[in-house]
$ cat structure25.txt   # compact mmCIF, C-alpha atoms
# COMPACT_ATOMS: atom_id res chain seq x y z
CA MET A 1 -22.49 76.64 -141.18
CA LYS A 2 -19.19 78.25 -142.17
CA ILE A 3 -17.13 75.79 -144.19
CA ALA A 4 -13.80 76.06 -146.00
CA ILE A 5 -12.87 73.63 -148.78
CA ILE A 6 -9.13 73.19 -149.29
CA GLY A 7 -8.81 71.51 -152.66
CA ALA A 8 -11.64 72.39 -155.05
CA GLY A 9 -11.13 69.37 -157.32
CA GLY A 10 -13.54 66.51 -157.90
CA VAL A 11 -14.28 65.72 -154.25
CA GLY A 12 -14.01 69.20 -152.73
CA GLY A 13 -15.62 70.91 -155.71
CA TYR A 14 -18.60 68.56 -155.88
CA PHE A 15 -19.51 68.40 -152.20
CA GLY A 16 -18.63 72.04 -151.59
CA ALA A 17 -20.90 73.09 -154.44
CA ARG A 18 -23.80 71.04 -153.06
CA LEU A 19 -23.37 72.59 -149.62
CA ALA A 20 -23.10 76.13 -151.03
CA ALA A 21 -26.18 75.63 -153.22
CA ALA A 22 -28.13 74.62 -150.10
CA GLY A 23 -27.24 77.88 -148.38
CA GLU A 24 -24.17 77.00 -146.31
CA ASP A 25 -21.41 79.62 -146.09
CA VAL A 26 -18.78 77.84 -148.20
CA THR A 27 -15.44 79.26 -149.29
CA PHE A 28 -13.24 77.32 -151.72
CA ILE A 29 -9.45 77.55 -151.49
CA ALA A 30 -8.15 77.09 -155.03
CA ARG A 31 -5.28 78.09 -157.26
CA GLY A 32 -4.26 78.57 -160.89
CA ALA A 33 -6.71 78.51 -163.76
CA HIS A 34 -9.39 76.86 -161.61
CA LEU A 35 -9.28 79.80 -159.20
CA GLU A 36 -9.32 82.32 -162.04
CA VAL A 37 -12.35 80.80 -163.77
CA MET A 38 -14.28 80.27 -160.52
CA SER A 39 -13.69 83.90 -159.54
CA ARG A 40 -14.93 85.13 -162.91
CA ASP A 41 -17.57 82.62 -164.03
CA GLY A 42 -18.50 80.64 -160.94
CA LEU A 43 -18.47 76.86 -160.51
CA GLN A 44 -20.36 74.37 -162.64
CA VAL A 45 -21.13 70.79 -161.57
CA LEU A 46 -22.23 68.24 -164.17
CA SER A 47 -23.89 65.27 -162.50
CA ALA A 48 -26.59 62.66 -163.03
CA LEU A 49 -27.84 63.71 -159.59
CA GLY A 50 -28.50 67.22 -160.90
CA ASN A 51 -26.36 69.91 -162.49
CA LEU A 52 -25.37 73.05 -160.63
CA ASN A 53 -24.29 76.49 -161.77
CA LEU A 54 -22.99 78.51 -158.82
CA MET A 55 -22.47 82.19 -159.50
CA PRO A 56 -21.02 83.98 -157.66
CA VAL A 57 -18.71 81.64 -155.76
CA LYS A 58 -16.69 82.49 -152.66
CA VAL A 59 -13.17 81.46 -153.63
CA GLU A 60 -9.76 82.53 -152.32
CA SER A 61 -6.15 81.57 -152.90
CA ASP A 62 -5.10 82.47 -149.34
CA PRO A 63 -6.93 80.89 -146.36
CA ALA A 64 -5.90 83.87 -144.22
CA GLU A 65 -8.44 85.94 -146.20
CA VAL A 66 -11.29 83.71 -144.97
CA GLY A 67 -10.94 83.81 -141.19
CA GLN A 68 -12.04 81.15 -138.73
CA VAL A 69 -14.61 78.57 -139.85
CA ASP A 70 -16.63 75.76 -138.28
CA ILE A 71 -15.34 72.96 -140.50
CA VAL A 72 -12.49 72.55 -142.98
CA LEU A 73 -12.92 69.87 -145.63
CA LEU A 74 -9.54 68.80 -146.96
CA ALA A 75 -9.46 67.26 -150.43
CA VAL A 76 -6.00 67.93 -151.85
CA LYS A 77 -3.68 65.29 -153.29
CA LEU A 78 -1.84 63.33 -150.63
CA TRP A 79 1.57 64.87 -151.29
CA SER A 80 0.10 68.30 -150.44
CA THR A 81 -1.25 67.31 -147.01
CA GLY A 82 1.51 68.91 -144.94
CA GLU A 83 1.42 72.14 -146.92
CA ALA A 84 -2.39 72.24 -146.71
CA ALA A 85 -2.32 71.66 -142.95
CA ILE A 86 0.00 74.64 -142.44
CA SER A 87 -2.13 76.82 -144.72
CA ALA A 88 -5.25 75.84 -142.72
CA LYS A 89 -3.98 77.38 -139.47
CA PRO A 90 -5.71 80.78 -140.03
CA LEU A 91 -9.01 78.92 -140.47
CA MET A 92 -8.83 77.21 -137.10
CA GLY A 93 -10.84 78.48 -134.15
CA PRO A 94 -11.02 76.76 -130.74
CA ASP A 95 -13.67 74.25 -131.91
CA THR A 96 -12.93 74.03 -135.64
CA GLY A 97 -12.76 70.54 -137.09
CA ILE A 98 -10.66 69.59 -140.11
CA ILE A 99 -11.67 66.45 -142.00
CA SER A 100 -9.48 64.76 -144.57
CA PHE A 101 -11.44 63.21 -147.43
CA GLN A 102 -8.22 62.13 -149.10
CA ASN A 103 -7.12 58.67 -150.13
CA GLY A 104 -4.65 56.69 -148.05
CA VAL A 105 -4.09 56.29 -144.31
CA ASP A 106 -1.34 58.85 -143.64
CA ALA A 107 -3.31 62.11 -143.61
CA ILE A 108 -4.58 61.97 -140.03
CA SER A 109 -1.12 61.66 -138.50
CA ILE A 110 0.16 64.53 -140.65
CA LEU A 111 -2.76 66.80 -139.74
CA THR A 112 -2.51 65.91 -136.06
CA SER A 113 1.19 66.75 -135.94
CA VAL A 114 0.57 70.20 -137.44
CA LEU A 115 -2.82 71.24 -136.03
CA GLY A 116 -3.29 69.19 -132.88
CA LYS A 117 -5.43 66.13 -132.26
CA GLN A 118 -8.39 68.13 -130.92
CA HIS A 119 -9.06 69.61 -134.36
CA VAL A 120 -8.67 66.51 -136.52
CA MET A 121 -11.59 64.34 -137.59
CA GLY A 122 -11.68 61.41 -139.99
CA GLY A 123 -13.59 61.13 -143.23
CA VAL A 124 -14.24 58.89 -146.21
CA ALA A 125 -15.64 60.08 -149.54
CA HIS A 126 -17.14 57.70 -152.07
CA ILE A 127 -17.43 59.48 -155.41
CA ALA A 128 -15.95 59.47 -158.89
CA ALA A 129 -15.48 63.11 -159.87
CA LEU A 130 -12.81 65.29 -161.43
CA ILE A 131 -12.09 68.74 -162.82
CA GLU A 132 -13.20 68.43 -166.45
CA LYS A 133 -11.81 71.88 -167.16
CA PRO A 134 -11.19 74.94 -164.99
CA GLY A 135 -14.45 75.90 -163.29
CA VAL A 136 -16.22 72.64 -164.22
CA ILE A 137 -16.58 69.52 -162.05
CA ARG A 138 -17.70 66.30 -163.75
CA HIS A 139 -19.37 63.72 -161.46
CA ASN A 140 -19.37 60.24 -163.00
CA GLY A 141 -22.03 57.74 -161.95
CA GLN A 142 -24.46 58.30 -159.09
CA MET A 143 -22.35 57.39 -156.08
CA ALA A 144 -21.73 60.46 -153.88
CA ARG A 145 -21.45 59.74 -150.17
CA LEU A 146 -19.57 61.21 -147.20
CA THR A 147 -18.85 59.35 -143.96
CA PHE A 148 -17.14 61.15 -141.09
CA GLY A 149 -16.66 61.18 -137.34
CA GLU A 150 -14.44 62.06 -134.43
CA LEU A 151 -11.27 60.02 -133.98
CA ASN A 152 -12.23 59.12 -130.39
CA GLY A 153 -15.64 57.80 -131.43
CA SER A 154 -17.65 60.54 -129.74
CA GLU A 155 -20.60 62.28 -131.40
CA SER A 156 -19.59 65.94 -131.28
CA SER A 157 -21.65 69.04 -131.90
CA ARG A 158 -19.54 69.96 -134.94
CA ALA A 159 -20.04 66.52 -136.47
CA ARG A 160 -23.81 66.67 -135.93
CA LYS A 161 -23.96 70.16 -137.48
CA LEU A 162 -22.04 69.03 -140.56
CA HIS A 163 -24.30 66.01 -140.89
CA ALA A 164 -27.36 68.28 -140.72
CA ALA A 165 -25.81 70.55 -143.37
CA CYS A 166 -25.28 67.55 -145.63
CA GLN A 167 -28.90 66.52 -145.17
CA ARG A 168 -30.07 70.00 -146.12
CA ALA A 169 -27.89 69.75 -149.23
CA LYS A 170 -29.32 66.29 -150.01
CA ILE A 171 -25.84 64.77 -149.73
CA GLU A 172 -25.87 61.15 -148.62
CA SER A 173 -23.88 61.18 -145.40
CA CYS A 174 -23.24 59.10 -142.34
CA LEU A 175 -21.91 59.86 -138.86
CA THR A 176 -19.79 57.03 -137.47
CA ASN A 177 -18.08 56.22 -134.18
CA ASP A 178 -15.53 53.97 -135.95
CA ILE A 179 -14.01 56.18 -138.64
CA GLN A 180 -10.50 54.72 -138.35
CA ARG A 181 -11.77 51.29 -139.38
CA LEU A 182 -13.73 52.75 -142.30
CA ILE A 183 -10.69 54.70 -143.51
CA TRP A 184 -8.70 51.46 -143.60
CA GLU A 185 -11.54 49.58 -145.32
CA LYS A 186 -11.59 52.15 -148.10
CA PHE A 187 -7.80 52.04 -148.23
CA VAL A 188 -7.93 48.29 -148.85
CA PHE A 189 -10.25 48.89 -151.81
CA LEU A 190 -8.28 51.84 -153.19
CA VAL A 191 -4.97 50.01 -153.03
CA GLY A 192 -6.51 47.26 -155.14
CA LEU A 193 -8.30 49.51 -157.63
CA SER A 194 -5.48 52.02 -158.09
CA GLY A 195 -2.73 49.43 -158.19
CA MET A 196 -4.34 46.99 -160.61
CA THR A 197 -5.87 49.51 -163.04
CA SER A 198 -2.60 51.47 -163.18
CA LEU A 199 -0.41 48.38 -163.50
CA THR A 200 -2.50 46.89 -166.33
CA ARG A 201 -3.57 50.23 -167.89
CA MET A 202 -7.08 48.73 -167.97
CA PRO A 203 -10.48 49.54 -166.42
CA ILE A 204 -11.87 47.36 -163.65
CA GLY A 205 -14.15 45.27 -165.92
CA PRO A 206 -11.49 43.18 -167.68
CA ILE A 207 -9.47 42.88 -164.46
CA ARG A 208 -12.32 41.37 -162.47
CA GLU A 209 -13.42 39.07 -165.33
CA ASP A 210 -10.03 37.44 -165.90
CA ARG A 211 -9.25 34.69 -163.38
CA VAL A 212 -5.57 35.56 -162.99
CA THR A 213 -5.96 39.32 -162.60
CA ARG A 214 -8.98 38.87 -160.32
CA GLU A 215 -6.91 36.69 -158.00
CA LEU A 216 -4.10 39.22 -158.07
CA LEU A 217 -6.52 42.03 -157.21
CA ARG A 218 -7.67 40.06 -154.20
CA GLU A 219 -4.10 39.37 -153.11
CA VAL A 220 -3.26 43.09 -153.30
CA MET A 221 -6.13 43.74 -150.88
CA ASP A 222 -5.16 40.81 -148.66
CA GLU A 223 -1.71 42.35 -148.15
CA ALA A 224 -3.24 45.67 -147.08
CA VAL A 225 -5.49 43.85 -144.59
CA ALA A 226 -2.50 41.99 -143.15
CA VAL A 227 -0.69 45.29 -142.62
CA ALA A 228 -3.77 46.81 -140.94
CA CYS A 229 -4.07 43.88 -138.56
CA ALA A 230 -0.37 44.10 -137.68
CA ARG A 231 -0.89 47.77 -136.79
CA GLY A 232 -3.79 46.97 -134.47
CA VAL A 233 -6.60 48.00 -136.82
CA HIS A 234 -9.47 45.55 -136.37
CA LEU A 235 -11.05 44.93 -139.76
CA PRO A 236 -13.94 42.51 -140.28
CA ALA A 237 -12.90 38.99 -141.31
CA ASP A 238 -14.90 39.32 -144.53
CA VAL A 239 -13.57 42.76 -145.50
CA VAL A 240 -11.93 41.57 -148.73
CA ASP A 241 -15.01 39.53 -149.71
CA ARG A 242 -17.14 42.66 -149.29
CA GLN A 243 -14.69 44.80 -151.25
CA MET A 244 -14.66 42.26 -154.08
CA LYS A 245 -18.46 42.31 -154.08
CA PHE A 246 -18.29 46.09 -154.34
CA VAL A 247 -15.80 45.79 -157.20
CA ASP A 248 -18.31 43.57 -159.03
CA SER A 249 -20.95 46.30 -158.69
CA LEU A 250 -18.83 48.99 -160.36
CA PRO A 251 -19.25 50.06 -164.00
CA ALA A 252 -16.99 47.92 -166.16
CA ASP A 253 -15.28 50.99 -167.62
CA MET A 254 -14.38 52.49 -164.23
CA VAL A 255 -10.72 53.36 -163.72
CA SER A 256 -8.86 54.81 -160.77
CA SER A 257 -7.89 58.45 -160.60
CA MET A 258 -4.29 57.27 -160.43
CA LEU A 259 -4.58 55.63 -163.85
CA GLY A 260 -6.00 58.90 -165.17
CA ASP A 261 -3.01 60.75 -163.73
CA LEU A 262 -0.63 58.16 -165.19
CA GLU A 263 -2.13 58.50 -168.67
CA ARG A 264 -1.93 62.31 -168.50
CA GLY A 265 1.67 62.28 -167.25
CA ASN A 266 0.67 63.81 -163.92
CA ARG A 267 2.13 63.12 -160.50
CA LEU A 268 0.89 59.88 -158.88
CA GLU A 269 -0.32 59.03 -155.37
CA VAL A 270 1.35 55.60 -155.54
CA GLU A 271 3.70 56.51 -152.66
CA TRP A 272 0.66 56.72 -150.33
CA LEU A 273 -1.20 53.69 -151.73
CA SER A 274 0.75 50.57 -152.76
CA GLY A 275 3.88 52.36 -151.56
CA ALA A 276 2.32 52.84 -148.13
CA VAL A 277 1.40 49.15 -147.91
CA ALA A 278 5.01 48.25 -148.73
CA ARG A 279 6.43 50.80 -146.26
CA LEU A 280 4.08 49.95 -143.39
CA GLY A 281 4.49 46.25 -144.10
CA LEU A 282 8.25 46.58 -143.80
CA GLU A 283 7.86 48.39 -140.47
CA ALA A 284 5.52 45.66 -139.17
CA GLN A 285 7.55 42.81 -140.72
CA VAL A 286 4.58 41.79 -142.88
CA PRO A 287 5.44 40.55 -146.41
CA THR A 288 3.85 42.65 -149.16
CA PRO A 289 5.46 41.36 -152.39
CA ILE A 290 2.65 42.31 -154.77
CA ASN A 291 2.26 45.88 -153.50
CA ARG A 292 6.05 46.25 -153.51
CA THR A 293 6.06 45.15 -157.15
CA ILE A 294 3.26 47.56 -158.11
CA TYR A 295 5.05 50.38 -156.31
CA ALA A 296 8.31 49.57 -158.07
CA ALA A 297 6.58 49.34 -161.46
CA LEU A 298 5.01 52.80 -161.07
CA LYS A 299 7.65 54.61 -159.04
CA LEU A 300 9.53 56.01 -162.02
CA TYR A 301 6.29 57.69 -163.13
CA ALA A 302 5.47 59.00 -159.65
CA GLU A 303 6.71 62.55 -160.19
CA GLY A 304 4.89 62.85 -163.51
CA MET A 305 6.11 61.36 -166.76
CA ALA A 306 4.37 60.48 -170.01
CA ILE A 307 3.93 56.74 -170.58
CA ARG A 308 6.43 55.58 -173.16

$ encode --input "structure25.txt" --output "structure tokens"
Amino acid sequence: MKIAIIGAGGVGGYFGARLAAAGEDVTFIARGAHLEVMSRDGLQVLSALGNLNLMPVKVESDPAEVGQVDIVLLAVKLWSTGEAAISAKPLMGPDTGIISFQNGVDAISILTSVLGKQHVMGGVAHIAALIEKPGVIRHNGQMARLTFGELNGSESSRARKLHAACQRAKIESCLTNDIQRLIWEKFVFLVGLSGMTSLTRMPIGPIREDRVTRELLREVMDEAVAVACARGVHLPADVVDRQMKFVDSLPADMVSSMLGDLERGNRLEVEWLSGAVARLGLEAQVPTPINRTIYAALKLYAEGMAIR
């Protein structure tokens, strides 16, 4: 299967490397030092599920050099979605699917507006991974799962082929006919994890153990669920209970990628997480006071600023 990975960071780098190692025709779209090192030394993945050293690696800075592919996996930061969608146009053939494995709930509408609904699929990635240094992906823990499907709920040939490729690569994966709901379920969790760890500058362990911060974490998620319901997204009645149970299963020292970005003075995705809950809540006339507060507390760091 011919696959292009736009965004060779933790998510794109890890899953792309697994697919390439299993024999799929994978090309990474990267930039900067990461591109330079991958071109020269290949791509290394450090993981409890098995290390990888890929050499050589197919990597380009310009998607136009790749040509049409079967599937595009999109794993860039949320603020780069529009730019990435435009850059993906040379990769798109008549039946090419593009799947966003990004955080948030805005990517699908952006991709659809640029590339057309017939090309856009939905996806959810569950993994904790990052670029440890150029050319090296560090996978933390053992969770590494992809869920994807067509927006209309059909089981397409391209989705089945990608699922088969994941199985060959020993990637835990699932085809679903309800990807929109699953995207929102993950969003509910991410809004809670990113907002509370970044607001408190603490890992999830202390947050879930303290009665006050645990209640606040739940309320952050409750607001996101209320917004989803107002927008016609049908989430299970126990969605927050299940997300809290998942939170209790996480390593106590787990933090969100947004907290990592905050500590390093990098740009933040808060505009598309708590900020999105606040924005969509305002549109739907749903109160979101806690997410509005988290957004306001982090907004001045959103473009990248060292913590004072």

$ closest_atom_pairs --input "structure25.txt" --of "range 51-126 of chain A" --to "range 15-38 of chain A" --cutoff "12 Å" --atoms "all atoms listed in the file" --output "CSV"
residue,atom,partner,partner_atom,distance
A:Asn51,CA,A:Arg18,CA,9.8
A:Leu52,CA,A:Ala17,CA,7.6
A:Asn53,CA,A:Ala17,CA,8.8
A:Leu54,CA,A:Ala21,CA,7.1
A:Met55,CA,A:Met38,CA,8.5
A:Pro56,CA,A:Met38,CA,8.2
A:Val57,CA,A:Met38,CA,6.6
A:Lys58,CA,A:Thr27,CA,4.8
A:Val59,CA,A:Phe28,CA,4.6
A:Glu60,CA,A:Ile29,CA,5.1
A:Ser61,CA,A:Ala30,CA,5.3
A:Asp62,CA,A:Ile29,CA,6.9
A:Pro63,CA,A:Ile29,CA,6.6
A:Ala64,CA,A:Ile29,CA,10.3
A:Glu65,CA,A:Ile29,CA,10.0
A:Val66,CA,A:Thr27,CA,7.5
A:Gly67,CA,A:Thr27,CA,10.3
A:Gln68,CA,A:Thr27,CA,11.3
A:Val69,CA,A:Asp25,CA,9.3
A:Asp70,CA,A:Asp25,CA,9.9
A:Ile71,CA,A:Val26,CA,9.7
A:Val72,CA,A:Thr27,CA,9.7
A:Leu73,CA,A:Gly16,CA,8.5
A:Leu74,CA,A:Ile29,CA,9.9
A:Ala75,CA,A:Phe15,CA,10.3
A:Val76,CA,A:Ala30,CA,9.9
A:Ala84,CA,A:Ile29,CA,10.0
A:Ser87,CA,A:Ile29,CA,10.0
A:Ala88,CA,A:Ile29,CA,9.9
A:Leu91,CA,A:Thr27,CA,10.9
A:Phe101,CA,A:Phe15,CA,10.7
A:Ala125,CA,A:Phe15,CA,9.6
A:His126,CA,A:Phe15,CA,11.0

$ atom_distance --input "structure25.txt" --atom1 "CA of Ser100 in chain A" --atom2 "CA of Asn177 in chain A"
16.0 Å

$ atom_distance --input "structure25.txt" --atom1 "CA of Arg218 in chain A" --atom2 "CA of Arg242 in chain A"
11.0 Å

$ atom_distance --input "structure25.txt" --atom1 "CA of Ser173 in chain A" --atom2 "CA of Gly50 in chain A"
17.3 Å

$ closest_atom_pairs --input "structure25.txt" --of "range 124-239 of chain A" --to "range 43-48 of chain A" --cutoff "6 Å" --atoms "only C-alpha atoms" --output "JSON lines"
{"residue": "A:Gly135", "atom": "CA", "partner": "A:Leu43", "partner_atom": "CA", "distance": 5.0}
{"residue": "A:Val136", "atom": "CA", "partner": "A:Gln44", "partner_atom": "CA", "distance": 4.8}
{"residue": "A:Ile137", "atom": "CA", "partner": "A:Val45", "partner_atom": "CA", "distance": 4.7}
{"residue": "A:Arg138", "atom": "CA", "partner": "A:Leu46", "partner_atom": "CA", "distance": 4.9}
{"residue": "A:His139", "atom": "CA", "partner": "A:Ser47", "partner_atom": "CA", "distance": 4.9}

$ write_last_selection --input "structure25.txt" --atoms "C-alpha atoms" --output "short mmCIF file (atom, residue, chain, number, x, y, z; two decimals), keeping the file's coordinate frame"
data_model
loop_
_atom_site.label_atom_id
_atom_site.label_comp_id
_atom_site.auth_asym_id
_atom_site.auth_seq_id
_atom_site.Cartn_x
_atom_site.Cartn_y
_atom_site.Cartn_z
CA GLY A 135 -14.45 75.90 -163.29
CA VAL A 136 -16.22 72.64 -164.22
CA ILE A 137 -16.58 69.52 -162.05
CA ARG A 138 -17.70 66.30 -163.75
CA HIS A 139 -19.37 63.72 -161.46
#

$ closest_atom_pairs --input "structure25.txt" --of "range 54-143 of chain A" --to "range 267-283 of chain A" --cutoff "8 Å" --atoms "all atoms listed in the file" --output "Markdown table"
| residue | atom | partner | partner_atom | distance |
| --- | --- | --- | --- | --- |
| A:Lys77 | CA | A:Glu269 | CA | 7.4 |
| A:Leu78 | CA | A:Glu269 | CA | 6.6 |
| A:Trp79 | CA | A:Glu269 | CA | 7.4 |
| A:Asn103 | CA | A:Leu273 | CA | 7.9 |
| A:Gly104 | CA | A:Trp272 | CA | 5.8 |
| A:Val105 | CA | A:Trp272 | CA | 7.7 |
| A:Asp106 | CA | A:Trp272 | CA | 7.3 |

$ write_last_selection --input "structure25.txt" --atoms "C-alpha atoms" --output "mmCIF file, in the frame of the given file"
data_model
loop_
_atom_site.group_PDB
_atom_site.id
_atom_site.type_symbol
_atom_site.label_atom_id
_atom_site.label_comp_id
_atom_site.auth_asym_id
_atom_site.auth_seq_id
_atom_site.Cartn_x
_atom_site.Cartn_y
_atom_site.Cartn_z
ATOM 1 C CA LYS A 77 -3.680 65.290 -153.290
ATOM 2 C CA LEU A 78 -1.840 63.330 -150.630
ATOM 3 C CA TRP A 79 1.570 64.870 -151.290
ATOM 4 C CA ASN A 103 -7.120 58.670 -150.130
ATOM 5 C CA GLY A 104 -4.650 56.690 -148.050
ATOM 6 C CA VAL A 105 -4.090 56.290 -144.310
ATOM 7 C CA ASP A 106 -1.340 58.850 -143.640
#

$ closest_residue --input "structure25.txt" --among "A:Asp210, A:Glu215, A:Glu150, A:Asp248" --to "Thr176 in chain A" --atoms "only C-alpha atoms"
A:Glu150

$ residues_around --input "structure25.txt" --residues "Leu262 in chain A" --least-positions-apart "3" --cutoff "8 Å" --atoms "only C-alpha atoms" --output "PyMOL selection string"
chain A and resi 198+258-259+265-268+301+304-307

$ closest_residue --input "structure25.txt" --among "A:Arg181, A:Gln102, A:Gln142, A:Asp261" --to "Pro236 in chain A" --atoms "only C-alpha atoms"
A:Arg181

$ residues_near_point --input "structure25.txt" --point "(-12.8, 64.5, -156.0)" --cutoff "8 Å" --atoms "all atoms listed in the file" --output "ChimeraX atom specification"
/A:9-14,75,127-130

$ closest_atom_pairs --input "structure25.txt" --of "range 220-257 of chain A" --to "range 286-299 of chain A" --cutoff "10 Å" --atoms "all atoms listed in the file" --output "CSV"
residue,atom,partner,partner_atom,distance
A:Val220,CA,A:Ile290,CA,6.1
A:Met221,CA,A:Asn291,CA,9.0
A:Asp222,CA,A:Thr288,CA,9.2
A:Glu223,CA,A:Thr288,CA,5.7
A:Ala224,CA,A:Thr288,CA,8.0
A:Ala226,CA,A:Val286,CA,7.1
A:Val227,CA,A:Val286,CA,6.3
A:Ala228,CA,A:Val286,CA,9.9
A:Cys229,CA,A:Val286,CA,9.9
A:Ala230,CA,A:Val286,CA,7.5

$ decode --input "structure25.txt" --residues "range 223-242 of chain A" --atoms "N, CA and C atoms" --output "compact mmCIF listing (two decimals), in the first residue's frame"
# COMPACT_ATOMS: atom_id res chain seq x y z
N GLU A 223 -18.45 19.63 30.46
CA GLU A 223 -18.72 20.76 29.57
C GLU A 223 -18.55 20.37 28.10
N ALA A 224 -17.50 19.61 27.80
CA ALA A 224 -17.28 19.17 26.42
C ALA A 224 -18.41 18.26 25.95
N VAL A 225 -18.91 17.39 26.82
CA VAL A 225 -20.04 16.53 26.47
C VAL A 225 -21.29 17.36 26.19
N ALA A 226 -21.53 18.37 27.01
CA ALA A 226 -22.71 19.22 26.81
C ALA A 226 -22.65 19.92 25.46
N VAL A 227 -21.46 20.37 25.07
CA VAL A 227 -21.29 21.01 23.77
C VAL A 227 -21.55 20.00 22.65
N ALA A 228 -21.01 18.79 22.79
CA ALA A 228 -21.23 17.76 21.77
C ALA A 228 -22.72 17.48 21.59
N CYS A 229 -23.42 17.32 22.69
CA CYS A 229 -24.86 17.03 22.61
C CYS A 229 -25.62 18.16 21.92
N ALA A 230 -25.23 19.41 22.23
CA ALA A 230 -25.89 20.56 21.61
C ALA A 230 -25.64 20.62 20.11
N ARG A 231 -24.55 20.02 19.66
CA ARG A 231 -24.21 20.00 18.23
C ARG A 231 -24.73 18.73 17.54
N GLY A 232 -25.51 17.94 18.25
CA GLY A 232 -26.12 16.77 17.64
C GLY A 232 -25.25 15.53 17.64
N VAL A 233 -24.16 15.55 18.39
CA VAL A 233 -23.30 14.37 18.51
C VAL A 233 -23.82 13.50 19.65
N HIS A 234 -24.16 12.27 19.36
CA HIS A 234 -24.79 11.40 20.36
C HIS A 234 -23.73 10.57 21.08
N LEU A 235 -23.34 11.04 22.24
CA LEU A 235 -22.36 10.34 23.06
C LEU A 235 -23.08 9.46 24.08
N PRO A 236 -22.46 8.35 24.47
CA PRO A 236 -23.08 7.50 25.49
C PRO A 236 -23.28 8.26 26.80
N ALA A 237 -24.32 7.91 27.54
CA ALA A 237 -24.62 8.59 28.79
C ALA A 237 -23.49 8.45 29.81
N ASP A 238 -22.74 7.35 29.70
CA ASP A 238 -21.67 7.11 30.68
C ASP A 238 -20.29 7.49 30.16
N VAL A 239 -20.23 8.36 29.13
CA VAL A 239 -18.95 8.65 28.49
C VAL A 239 -17.94 9.24 29.48
N VAL A 240 -18.37 10.13 30.35
CA VAL A 240 -17.42 10.72 31.30
C VAL A 240 -16.99 9.70 32.35
N ASP A 241 -17.91 8.84 32.79
CA ASP A 241 -17.53 7.78 33.73
C ASP A 241 -16.45 6.90 33.12
N ARG A 242 -16.61 6.56 31.84
CA ARG A 242 -15.62 5.69 31.18
C ARG A 242 -14.29 6.41 30.99
